[in-house]
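A.B. asks: Mind having a look at this structure? Questions to follow.
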Amino acid sequence: MINAKLQLTNLNELKQHEDVDPQHLKDLTQKIASDKILKFAIVADKNTKVILDGEHRFNVLKNLGCKKIPVVYVDYNSPYILVQSWRKDKKLTKKDVIEAGLSGKKLPPKTSRHMIKMSDNLTHIFAIEKRVDIPIEALKGELQPVDAKNIKPAMHTDFKEVLKIYSKILESDIVENALILDGETGIVLDGYETYHALDLFSAVKMPAFTVNIAKVEIKSLQNGLKPVTKETIIEAGLKGPKLPPKSFKVLNEPLQISIPLKNLLAQKDRSRNPLKVYSSTLELLYEGWPTPLVKLNSVSNDKLSVWSKLEGFNPFSNSVKDRIGFSMIMEAVERGNLKEILYEATSTNTGIALTSIANILGVKAKLYIPKTIQKVSDIYLKVLGAEVVRLPVGLTVEAIGQVDNEAKKDKAAHLNQFENDANFKVHLKHTAREIDEQLASLGLKPSCLIGGLGTSGHMSAISFYFKTKYKNNIKIMGVQPAPNEVIPGIRRIETGMKWYHWVHFDKILDVTQKEALEGAIQIARKEGLLVGLSAGAVFSAFNKVKEEQGVCILVFPDTGYKYAEHFENYFANTEK
């Protein structure tokens, strides 16, 4: 088998082993210049950079002032690659080809041809020269790190396709694909999955080639619909709305590069805003990240260190839900989907987060809450100005259908925390990376991570991140209420969770409400932290599977101040 890898290479790195035919070179130059694209890559030996096929294309690009060329690299020593002579009177070996390339004493035109073994047949090596359709404009420029804030997407992407690129980068710490941008507007013409993957890493720079959109060919992919034009792309990038995923492309194959991810990220400023002064309450949220990671000394020892991620430090709902409220609203603003009022089904925290952020933006909120949720939630939400509707359901997720129908009827925005990928994205982009970087600052690597399952957004994103980076060296455990138990903020898997099915959990742990309350009380009395019931459930689950050694992270979603009724009932029952 031939192991072939496509990579963008500087022309001056490659070596010719054969002269070119002047007439063929002239004709090919005219054709490629007329097409404005290079249709196929060339082939070269990965060890010596000697060109094996495509020397006329190589010289055409030189003549047109290009600096780069796409190359399929192969191992010339492979027994599956053979060299033959076009001349019956001359024998040719691989050694002859390499010596001609390295010495500069080129063979005459049409001396060699390379063949590859495919099954039982011999095929010309052209068979592995991938169709690339790269604009000549892109090959004339240098790969440059472009400020992310100056890049404008004109098209949405399939999030699962983005996750594939994200995973590769997270595993290798290398960015292997470049963007193509319109130089004047900064609009992305190709490389959308890479763009969005790098955005999930909070990259401040992105590797790109800039071209003049007027000089490149845009391939419209909207079958049966109105073709995408260059004018359409510019309007979508500058004004919106953005085009659907896979509406257009420039390249057949992505531009292969190799850049360390760290070169594209901002340098960590540990002294940033030490006095905690913020220019707005919205800035108070995202500039306050990362939330604290604190060691729980009451359950740690010489061999086992246990840390809690305190999401109660988020300012609006004092919970992890501030993150998804911010992410869902900001994405709705970007998409032009935020209306004058938004509807949402919530068990409290998401409602508080959404209402708080909506208030800042001048948007009203109408929230649908299950009958089982504590009564104090109504008071908090009334203070914030939200309209509250109590529904005769036990779980928040059971209200989605009604909320969706009413939002459509009233022309309101329904962000739907249970299906909105902005939920998963914000935890992949921030929460998971925060935990990893906070541990790294201590010289630690996690061996165990435990968190509750509600929408499944934060724990699924955390699992995706840590399982991708650390493989089987870390255990990820989810926590759900035991059968017939109700714990605010978490629910059982069989009630339906979108992102849970995207990732791998090593274990799912059942906890009763009584165990959750007792877990919260234990944390309060041992560590002085008043945490909520879902945090108590996580701590109770940790006690059931306590490891003897390693580094264990417990995600505590909120504080305990909304659950006075639950604690009051617990104490009343205990006293009886």
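Identifiers in this document derive from the order of the structure tokens: chains are assigned A, B, ..., residues are numbered from 1 separately in each chain, and ligands are numbered from 1 in order of occurrence.
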Please, which residues of range 512-553 of chain A, numbered as in this document, come out strand (DSSP E) from DSSP, as a PyMOL selection string?
C.D. replies: chain A and resi 550-553
A.B. asks: Considering only C-alpha atoms, return as a list of chain:residue names whatever protein or nucleic-acid residues lie within 6 Å of Ala154 in chain A, sequence-local ones (same chain, fewer than 4 positions apart) excluded.
C.D. replies: A:Ile233, A:Ala236, A:Gly237, A:Lys242
A.B. asks: Kindly save the residues from that selection, with N, CA and C atoms included, as an mmCIF file, in the first residue's frame.
C.D. replies:
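Now in selection00.cif:
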```
data_model
loop_
_atom_site.group_PDB
_atom_site.id
_atom_site.type_symbol
_atom_site.label_atom_id
_atom_site.label_comp_id
_atom_site.auth_asym_id
_atom_site.auth_seq_id
_atom_site.Cartn_x
_atom_site.Cartn_y
_atom_site.Cartn_z
ATOM 1 N N ILE A 233 -22.028 35.757 -1.083
ATOM 2 C CA ILE A 233 -21.082 35.449 -0.006
ATOM 3 C C ILE A 233 -20.662 36.731 0.706
ATOM 4 N N ALA A 236 -23.509 37.953 2.880
ATOM 5 C CA ALA A 236 -23.698 37.091 4.058
ATOM 6 C C ALA A 236 -22.603 37.328 5.090
ATOM 7 N N GLY A 237 -21.376 37.564 4.616
ATOM 8 C CA GLY A 237 -20.263 37.782 5.534
ATOM 9 C C GLY A 237 -20.284 39.134 6.209
ATOM 10 N N LYS A 242 -26.182 34.468 7.675
ATOM 11 C CA LYS A 242 -25.185 33.560 7.122
ATOM 12 C C LYS A 242 -25.860 32.436 6.331
#
```
A.B. asks: Would you list the contacts of Asn472 in chain A as an NGL selection string, taking every protein, DNA or RNA residue within 12 Å and counting only C-alpha atoms, but skipping same-chain residues closer than 2 positions in sequence?
C.D. replies: :A and (446-448 or 463 or 466-470 or 474-476 or 504-506)
A.B. asks: Find the residues near His501 in chain A: any atom within 12 Å, counting only C-alpha atoms, skip ones fewer than 5 places away on the same chain, and give them as JSON, numbers by chain.
C.D. replies: {"A": [455, 456, 457, 459, 460, 461, 463, 464, 493, 494, 496]}
A.B. asks: Counting only C-alpha atoms, which residues of range 348-440 of chain A sit at most 12 Å from some atom of range 313-318 of chain A, and what is each one's closest atom pair with its distance in Å to one decimal, listed by chain and rising residue number, as a tab-separated table?
C.D. replies:
```
residue	atom	partner	partner_atom	distance
A:Thr348	CA	A:Ser317	CA	8.4
A:Asn349	CA	A:Ser317	CA	5.5
A:Thr350	CA	A:Ser317	CA	7.4
A:Gly351	CA	A:Ser317	CA	8.3
A:Ile352	CA	A:Ser317	CA	5.3
A:Ala353	CA	A:Ser317	CA	5.2
A:Leu354	CA	A:Phe316	CA	8.9
A:Thr355	CA	A:Phe316	CA	9.1
A:Ser356	CA	A:Phe316	CA	6.3
A:Ile357	CA	A:Phe316	CA	8.1
A:Ala358	CA	A:Phe316	CA	11.3
A:Asn359	CA	A:Phe316	CA	11.2
A:Ile360	CA	A:Phe316	CA	11.3
A:Ser377	CA	A:Ser317	CA	10.9
A:Tyr380	CA	A:Ser317	CA	9.7
A:Leu381	CA	A:Ser317	CA	10.2
A:Leu384	CA	A:Phe316	CA	10.4
A:Thr431	CA	A:Asn314	CA	11.9
```
A.B. asks: Would you output that residue set with all heavy atoms, as a CSV table (one decimal), in the first residue's frame?
C.D. replies:
```
chain,number,residue,atom,x,y,z
A,348,THR,N,-34.9,26.8,37.1
A,348,THR,CA,-34.6,28.0,37.8
A,348,THR,C,-33.3,28.7,37.3
A,348,THR,O,-33.4,29.8,36.8
A,348,THR,CB,-34.4,27.8,39.3
A,348,THR,OG1,-35.6,27.3,39.9
A,348,THR,CG2,-34.0,29.1,40.0
A,349,ASN,N,-32.2,28.0,37.3
A,349,ASN,CA,-30.9,28.7,37.1
A,349,ASN,C,-30.8,29.2,35.6
A,349,ASN,O,-30.3,30.3,35.4
A,349,ASN,CB,-29.7,27.7,37.4
A,349,ASN,CG,-29.5,27.6,38.8
A,349,ASN,OD1,-29.7,28.5,39.6
A,349,ASN,ND2,-29.0,26.4,39.3
A,350,THR,N,-31.2,28.4,34.7
A,350,THR,CA,-31.1,28.9,33.3
A,350,THR,C,-32.0,30.1,33.1
A,350,THR,O,-31.7,31.1,32.4
A,350,THR,CB,-31.5,27.8,32.3
A,350,THR,OG1,-30.6,26.7,32.4
A,350,THR,CG2,-31.4,28.3,30.8
A,351,GLY,N,-33.2,30.0,33.8
A,351,GLY,CA,-34.1,31.2,33.7
A,351,GLY,C,-33.5,32.4,34.2
A,351,GLY,O,-33.7,33.5,33.7
A,352,ILE,N,-32.9,32.3,35.4
A,352,ILE,CA,-32.3,33.5,36.0
A,352,ILE,C,-31.2,34.0,35.1
A,352,ILE,O,-31.0,35.3,34.8
A,352,ILE,CB,-31.7,33.2,37.4
A,352,ILE,CG1,-32.9,32.9,38.4
A,352,ILE,CG2,-30.8,34.3,37.9
A,352,ILE,CD1,-32.4,32.4,39.8
A,353,ALA,N,-30.3,33.1,34.6
A,353,ALA,CA,-29.2,33.5,33.7
A,353,ALA,C,-29.7,34.2,32.4
A,353,ALA,O,-29.3,35.3,32.1
A,353,ALA,CB,-28.4,32.3,33.3
A,354,LEU,N,-30.7,33.6,31.8
A,354,LEU,CA,-31.3,34.2,30.6
A,354,LEU,C,-31.9,35.6,30.8
A,354,LEU,O,-31.8,36.5,30.1
A,354,LEU,CB,-32.3,33.3,29.9
A,354,LEU,CG,-31.7,32.0,29.2
A,354,LEU,CD1,-32.8,31.1,28.8
A,354,LEU,CD2,-30.8,32.4,28.0
A,355,THR,N,-32.7,35.6,31.9
A,355,THR,CA,-33.4,36.9,32.2
A,355,THR,C,-32.4,38.0,32.5
A,355,THR,O,-32.6,39.1,32.1
A,355,THR,CB,-34.4,36.7,33.4
A,355,THR,OG1,-35.3,35.6,33.1
A,355,THR,CG2,-35.2,37.9,33.6
A,356,SER,N,-31.4,37.7,33.3
A,356,SER,CA,-30.4,38.7,33.6
A,356,SER,C,-29.7,39.2,32.4
A,356,SER,O,-29.6,40.5,32.2
A,356,SER,CB,-29.3,38.1,34.6
A,356,SER,OG,-29.9,37.6,35.8
A,357,ILE,N,-29.3,38.4,31.5
A,357,ILE,CA,-28.6,38.8,30.3
A,357,ILE,C,-29.5,39.5,29.4
A,357,ILE,O,-29.2,40.5,28.7
A,357,ILE,CB,-27.8,37.6,29.7
A,357,ILE,CG1,-26.8,37.0,30.6
A,357,ILE,CG2,-27.2,38.0,28.3
A,357,ILE,CD1,-26.2,35.7,30.2
A,358,ALA,N,-30.7,39.0,29.3
A,358,ALA,CA,-31.8,39.6,28.4
A,358,ALA,C,-32.1,41.0,28.9
A,358,ALA,O,-32.2,41.9,28.1
A,358,ALA,CB,-33.0,38.8,28.4
A,359,ASN,N,-32.1,41.2,30.2
A,359,ASN,CA,-32.3,42.6,30.8
A,359,ASN,C,-31.3,43.5,30.3
A,359,ASN,O,-31.6,44.7,30.0
A,359,ASN,CB,-32.4,42.5,32.3
A,359,ASN,CG,-33.6,41.9,32.9
A,359,ASN,OD1,-34.6,41.8,32.2
A,359,ASN,ND2,-33.6,41.6,34.1
A,360,ILE,N,-30.0,43.1,30.3
A,360,ILE,CA,-28.9,43.9,29.9
A,360,ILE,C,-29.1,44.4,28.4
A,360,ILE,O,-28.8,45.5,28.0
A,360,ILE,CB,-27.6,43.2,30.1
A,360,ILE,CG1,-27.3,42.9,31.5
A,360,ILE,CG2,-26.4,44.0,29.5
A,360,ILE,CD1,-26.2,41.9,31.8
A,377,SER,N,-38.1,30.3,43.6
A,377,SER,CA,-37.7,30.6,42.2
A,377,SER,C,-38.6,31.7,41.6
A,377,SER,O,-38.1,32.6,40.9
A,377,SER,CB,-37.7,29.4,41.3
A,377,SER,OG,-36.8,28.4,41.8
A,380,TYR,N,-37.4,35.2,42.9
A,380,TYR,CA,-36.2,35.6,42.3
A,380,TYR,C,-36.5,36.1,40.8
A,380,TYR,O,-36.0,37.2,40.4
A,380,TYR,CB,-35.1,34.5,42.2
A,380,TYR,CG,-34.5,34.1,43.5
A,380,TYR,CD1,-34.2,32.8,43.8
A,380,TYR,CD2,-34.2,35.1,44.5
A,380,TYR,CE1,-33.7,32.4,45.0
A,380,TYR,CE2,-33.7,34.7,45.7
A,380,TYR,CZ,-33.4,33.3,46.0
A,380,TYR,OH,-32.9,33.0,47.2
A,381,LEU,N,-37.2,35.3,40.1
A,381,LEU,CA,-37.5,35.7,38.7
A,381,LEU,C,-38.4,36.9,38.6
A,381,LEU,O,-38.3,37.7,37.7
A,381,LEU,CB,-38.1,34.5,38.0
A,381,LEU,CG,-37.1,33.3,37.8
A,381,LEU,CD1,-37.8,32.0,37.4
A,381,LEU,CD2,-36.1,33.7,36.8
A,384,LEU,N,-36.4,40.0,38.9
A,384,LEU,CA,-35.7,40.2,37.6
A,384,LEU,C,-36.6,40.7,36.5
A,384,LEU,O,-36.1,41.2,35.5
A,384,LEU,CB,-34.9,39.0,37.2
A,384,LEU,CG,-33.7,38.6,38.0
A,384,LEU,CD1,-33.2,37.2,37.7
A,384,LEU,CD2,-32.5,39.6,37.7
A,431,THR,N,-15.2,25.9,30.0
A,431,THR,CA,-15.2,25.1,31.2
A,431,THR,C,-14.2,24.0,31.2
A,431,THR,O,-13.4,23.9,32.2
A,431,THR,CB,-16.6,24.5,31.5
A,431,THR,OG1,-17.6,25.5,31.2
A,431,THR,CG2,-16.8,24.1,32.9
```
A.B. asks: Using only C-alpha atoms, determine which residues lie at most 12 Å from Ala524 in chain A, disregarding the query and same-chain residues fewer than 5 positions distant; provide the list as a PDB file with N, CA, C and O atoms, in the first residue's frame.
C.D. replies:
```
ATOM      1  N   LEU A 296     -10.432  20.308  48.152  1.00  0.00           N
ATOM      2  CA  LEU A 296     -11.261  19.896  49.287  1.00  0.00           C
ATOM      3  C   LEU A 296     -10.379  19.090  50.232  1.00  0.00           C
ATOM      4  O   LEU A 296     -10.188  17.884  50.075  1.00  0.00           O
ATOM      5  N   SER A 298     -10.786  18.209  53.247  1.00  0.00           N
ATOM      6  CA  SER A 298     -11.434  17.260  54.159  1.00  0.00           C
ATOM      7  C   SER A 298     -11.475  15.844  53.592  1.00  0.00           C
ATOM      8  O   SER A 298     -11.627  14.880  54.344  1.00  0.00           O
ATOM      9  N   LEU A 517     -28.825  15.911  49.603  1.00  0.00           N
ATOM     10  CA  LEU A 517     -28.904  16.868  50.703  1.00  0.00           C
ATOM     11  C   LEU A 517     -27.797  16.624  51.725  1.00  0.00           C
ATOM     12  O   LEU A 517     -27.135  17.570  52.190  1.00  0.00           O
ATOM     13  N   GLU A 518     -27.567  15.373  52.036  1.00  0.00           N
ATOM     14  CA  GLU A 518     -26.530  15.052  53.019  1.00  0.00           C
ATOM     15  C   GLU A 518     -25.129  15.353  52.485  1.00  0.00           C
ATOM     16  O   GLU A 518     -24.238  15.764  53.232  1.00  0.00           O
ATOM     17  N   GLY A 519     -24.949  15.187  51.164  1.00  0.00           N
ATOM     18  CA  GLY A 519     -23.669  15.548  50.546  1.00  0.00           C
ATOM     19  C   GLY A 519     -23.427  17.046  50.642  1.00  0.00           C
ATOM     20  O   GLY A 519     -22.312  17.498  50.963  1.00  0.00           O
ATOM     21  N   LEU A 529     -18.568  25.578  52.510  1.00  0.00           N
ATOM     22  CA  LEU A 529     -19.201  25.996  51.260  1.00  0.00           C
ATOM     23  C   LEU A 529     -20.666  25.560  51.250  1.00  0.00           C
ATOM     24  O   LEU A 529     -20.956  24.368  51.414  1.00  0.00           O
ATOM     25  N   LEU A 530     -21.568  26.519  51.053  1.00  0.00           N
ATOM     26  CA  LEU A 530     -22.981  26.177  50.950  1.00  0.00           C
ATOM     27  C   LEU A 530     -23.293  25.935  49.477  1.00  0.00           C
ATOM     28  O   LEU A 530     -23.442  26.871  48.696  1.00  0.00           O
ATOM     29  N   VAL A 531     -23.363  24.654  49.106  1.00  0.00           N
ATOM     30  CA  VAL A 531     -23.558  24.296  47.698  1.00  0.00           C
ATOM     31  C   VAL A 531     -24.967  23.753  47.497  1.00  0.00           C
ATOM     32  O   VAL A 531     -25.659  23.379  48.442  1.00  0.00           O
ATOM     33  N   GLY A 532     -25.379  23.693  46.212  1.00  0.00           N
ATOM     34  CA  GLY A 532     -26.719  23.238  45.876  1.00  0.00           C
ATOM     35  C   GLY A 532     -26.860  21.728  45.882  1.00  0.00           C
ATOM     36  O   GLY A 532     -25.903  20.980  46.126  1.00  0.00           O
ATOM     37  N   LEU A 533     -28.080  21.287  45.558  1.00  0.00           N
ATOM     38  CA  LEU A 533     -28.365  19.859  45.630  1.00  0.00           C
ATOM     39  C   LEU A 533     -27.643  19.055  44.566  1.00  0.00           C
ATOM     40  O   LEU A 533     -27.241  17.917  44.805  1.00  0.00           O
ATOM     41  N   ALA A 535     -24.734  19.729  43.381  1.00  0.00           N
ATOM     42  CA  ALA A 535     -23.359  19.618  43.877  1.00  0.00           C
ATOM     43  C   ALA A 535     -23.295  18.585  44.993  1.00  0.00           C
ATOM     44  O   ALA A 535     -22.358  17.781  45.076  1.00  0.00           O
ATOM     45  N   GLY A 536     -24.321  18.586  45.859  1.00  0.00           N
ATOM     46  CA  GLY A 536     -24.384  17.576  46.911  1.00  0.00           C
ATOM     47  C   GLY A 536     -24.471  16.178  46.334  1.00  0.00           C
ATOM     48  O   GLY A 536     -23.867  15.225  46.862  1.00  0.00           O
ATOM     49  N   PHE A 539     -21.019  15.186  45.136  1.00  0.00           N
ATOM     50  CA  PHE A 539     -20.155  14.810  46.260  1.00  0.00           C
ATOM     51  C   PHE A 539     -20.556  13.451  46.820  1.00  0.00           C
ATOM     52  O   PHE A 539     -19.689  12.624  47.163  1.00  0.00           O
ATOM     53  N   THR A 559     -24.705  27.318  44.038  1.00  0.00           N
ATOM     54  CA  THR A 559     -24.702  27.489  45.481  1.00  0.00           C
ATOM     55  C   THR A 559     -26.000  26.934  46.062  1.00  0.00           C
ATOM     56  O   THR A 559     -26.922  26.559  45.326  1.00  0.00           O
ATOM     57  N   GLY A 560     -26.095  26.934  47.398  1.00  0.00           N
ATOM     58  CA  GLY A 560     -27.251  26.320  48.041  1.00  0.00           C
ATOM     59  C   GLY A 560     -28.351  27.276  48.433  1.00  0.00           C
ATOM     60  O   GLY A 560     -29.343  26.864  49.049  1.00  0.00           O
ATOM     61  N   TYR A 561     -28.250  28.553  48.051  1.00  0.00           N
ATOM     62  CA  TYR A 561     -29.177  29.556  48.589  1.00  0.00           C
ATOM     63  C   TYR A 561     -30.592  29.467  48.021  1.00  0.00           C
ATOM     64  O   TYR A 561     -31.503  30.067  48.570  1.00  0.00           O
TER      65      TYR A 561
END
```
A.B. asks: For Arg57 in chain A, work out the shell of residues within 12 Å, counting only C-alpha atoms and skipping chain neighbours fewer than 4 positions away, then give it as a ChimeraX atom specification.
C.D. replies: /A:11,16,20-21,24-33,37-43,51-53,61-64,66,68-71,129,136
A.B. asks: Distance CA of Val320 in chain A-CA of Val555 in chain A, one decimal place?
C.D. replies: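 Computing it gives 9.3 Å between the two atoms.
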A.B. asks: Leaving out Leu367 in chain A and any residue of its chain fewer than 5 positions from it, which residues lie within 6 Å of it when counting only C-alpha atoms, given as an MDAnalysis selection string?
C.D. replies: chainID A and resid 343:345 388
A.B. asks: Each residue of range 255-361 of chain A lying at most 10 Å from range 203-227 of chain A should get a row with its shortest atom-to-atom pair and the distance in Å to one decimal, counting only C-alpha atoms; could you produce that, ordered by chain and increasing number, as a Markdown table?
C.D. replies:
```
| residue | atom | partner | partner_atom | distance |
| --- | --- | --- | --- | --- |
| A:Leu255 | CA | A:Phe209 | CA | 9.4 |
| A:Ile257 | CA | A:Pro207 | CA | 8.9 |
| A:Ser258 | CA | A:Pro207 | CA | 9.8 |
| A:Ile259 | CA | A:Pro207 | CA | 8.1 |
| A:Leu261 | CA | A:Ala203 | CA | 8.3 |
| A:Lys262 | CA | A:Ala203 | CA | 8.8 |
| A:Asn263 | CA | A:Lys205 | CA | 8.1 |
| A:Leu264 | CA | A:Lys205 | CA | 4.8 |
| A:Leu265 | CA | A:Ala203 | CA | 4.7 |
| A:Ala266 | CA | A:Val204 | CA | 6.0 |
| A:Gln267 | CA | A:Val204 | CA | 9.7 |
```
A.B. asks: Got a sec to tell me which of range 363-424 of chain A DSSP assigns to helix (DSSP H, G or I), as a list in words?
C.D. replies: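 Assigned to helix (DSSP H, G or I), within range 363-424 of chain A: Val376, Ser377, Asp378, Ile379, Tyr380, Leu381, Lys382, Val383, Leu384, Thr396, Val397, Glu398, Ala399, Ile400, Gly401, Gln402, Val403, Asp404, Asn405, Glu406, Ala407, Lys408, Lys409, Asp410, Asp421, Ala422, Asn423 and Phe424 of chain A.
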A.B. asks: Under the rule that only C-alpha atoms are counted, which of A:Ala399, A:Leu361, A:Val538, A:Met118 is the nearest residue to Ile450 in chain A?
C.D. replies: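 The answer is A:Val538, which sits nearest to Ile450 in chain A.
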A.B. asks: Using only C-alpha atoms for the distances, tell me which of A:Ser327, A:Thr291, A:Thr396, A:Ser534 is nearest to Ala422 in chain A.
C.D. replies: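 Between A:Ser327, A:Thr291, A:Thr396, A:Ser534, the residue approaching Ala422 in chain A most closely is A:Ser327.
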A.B. asks: Find the distance between CA of Ala178 in chain A and CA of Glu193 in chain A and write it in Å to one decimal.
C.D. replies: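 Answer for the CA of Ala178 in chain A to CA of Glu193 in chain A separation: 10.2 Å.
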A.B. asks: I need the residue nearest Val162 in chain A from this list: A:Glu331, A:Asp421, A:Glu18, A:Glu340. Use only C-alpha atoms for the distance.
C.D. replies: A:Asp421
